[in-house]
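Input: a single structure, listed below in structure tokens.
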Amino acid sequence: MSDGMGGIEYEGVTTAAGAARERARAAAVRLVARHEGIEGMWIAAPERPLYALGKRVFDCALASALLVATAPLWIVVAALVRLTSPGPVLFRQRRCGRWGKEFTCYKFRTMVDGAELTRKQLEALNEVDGPVFKIRNDPRVTPVGRFLRRSSIDELPQLLNVLRGDMSIVGPRPPIPEEVARYRPRDHQRLAVTPGLTCLWQIRGRSEIKFDEWVRLDLEYIRRRSLWLDLAIVVRTIPAVLSGRGAA
């Protein structure tokens, strides 16, 4: 149900006391949103202490294990990127995390150096709806970069973001500030939790999904989030990545 004062929804509240607690939590959500300058239509997404602790332990353990296991691959990928295209190995980009707080997101560079400067010239070729920009056969992507994107290897450096606390293993993908600037009030709800490497959109089609469905899946995750759901998404992400379906 809604509190009638900002579009905040309460899930599973069946008692007056429960509703009062949720109203208090929603007020805290609204207060933080106002403080961060991103007040709008938010779902009530307070962090449950035990879940938050368990999720952080899960994130750090899995990210650390993957970093160790993929260390040799990092060396190979870094050499391929550096030898086949002038420019840095890592691509750094400002992204929006929880409550819209910006952070530096890391990826292996898959485009020619300076590709972001030419984005406006290619906007007419955009193949997705909403504020997102994607071209399936983007001319700025290098041959090596195309393989890295299809296999999602380009996102391995984001494990560093997970260890730093900027991101989680599971959560809505972090948007760039230019996309957030074009969000509708409902879309801002994606920013109510820490962004992640994978989420429901990843296992249900990735770039093949329209933006409204993408937002709906993210909000579904926020409402249902639990360690069991996170684990299930991680397990189902493996075949989704291996199939390459929806990769852009």
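A note on labels: chains of the structure tokens are A, B, ... as shown, every chain counts residues from 1, and ligands are counted from 1 in their shown order.
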- Query: What lies within 8 Å of range 157-171 of chain A using only C-alpha atoms, ignoring chain neighbours under 6 positions off, as an MDAnalysis selection string?
  - Reply: chainID A and resid 56 59:60 63:64 66:67 97 103 105:108 193:199 218 221 230 233:234
- Message: Using only C-alpha atoms, which protein or nucleic acid residues come within 7 Å of Pro175 in chain A? Drop anything in the same chain fewer than 2 positions from it, and give the result as a list of chain:residue names.
- Response: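 Contacts, with the query itself left out: A:Arg95, A:Cys96, A:Arg173, A:Pro177, A:Glu179, A:Val180.
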Hey, what does DSSP flag as strand (DSSP E) within range 53-210 of chain A? Can you give it to me as a PDB file with C-alpha atoms, in the first residue's frame?
ATOM      1  CA  LEU A  90      41.117  -0.150 -17.475  1.00  0.00           C
ATOM      2  CA  PHE A  91      38.167   2.063 -18.331  1.00  0.00           C
ATOM      3  CA  ARG A  92      37.025   4.304 -15.477  1.00  0.00           C
ATOM      4  CA  GLN A  93      33.542   5.783 -15.499  1.00  0.00           C
ATOM      5  CA  ARG A  94      31.417   7.681 -13.009  1.00  0.00           C
ATOM      6  CA  ARG A  95      28.344   5.699 -12.004  1.00  0.00           C
ATOM      7  CA  CYS A  96      25.494   6.260  -9.559  1.00  0.00           C
ATOM      8  CA  GLU A 102      28.540   8.743  -7.524  1.00  0.00           C
ATOM      9  CA  PHE A 103      31.576   6.460  -7.568  1.00  0.00           C
ATOM     10  CA  THR A 104      34.243   5.374 -10.056  1.00  0.00           C
ATOM     11  CA  CYS A 105      33.345   2.090 -11.744  1.00  0.00           C
ATOM     12  CA  TYR A 106      36.078  -0.061 -13.303  1.00  0.00           C
ATOM     13  CA  LYS A 107      35.964  -2.235 -16.427  1.00  0.00           C
ATOM     14  CA  PHE A 108      38.456  -3.622 -18.903  1.00  0.00           C
ATOM     15  CA  SER A 168      27.467  -5.690  -4.405  1.00  0.00           C
ATOM     16  CA  ILE A 169      27.599  -9.014  -6.232  1.00  0.00           C
ATOM     17  CA  VAL A 170      23.821  -8.870  -6.726  1.00  0.00           C
ATOM     18  CA  GLY A 196      25.470  -4.985  -8.286  1.00  0.00           C
ATOM     19  CA  LEU A 197      27.233  -7.047 -10.929  1.00  0.00           C
ATOM     20  CA  THR A 198      24.157  -9.106 -11.720  1.00  0.00           C
TER      21      THR A 198
END
- Quick one, how far is CA of Asp129 in chain A from CA of Arg182 in chain A?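 Distance reported for this atom pair: 11.9 Å.
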- Pick out each residue of range 199-239 of chain A that DSSP on the backbone tags as helix (DSSP H, G or I); I need them as a ChimeraX atom specification. /A:200-203,206-208,211-224,227-239
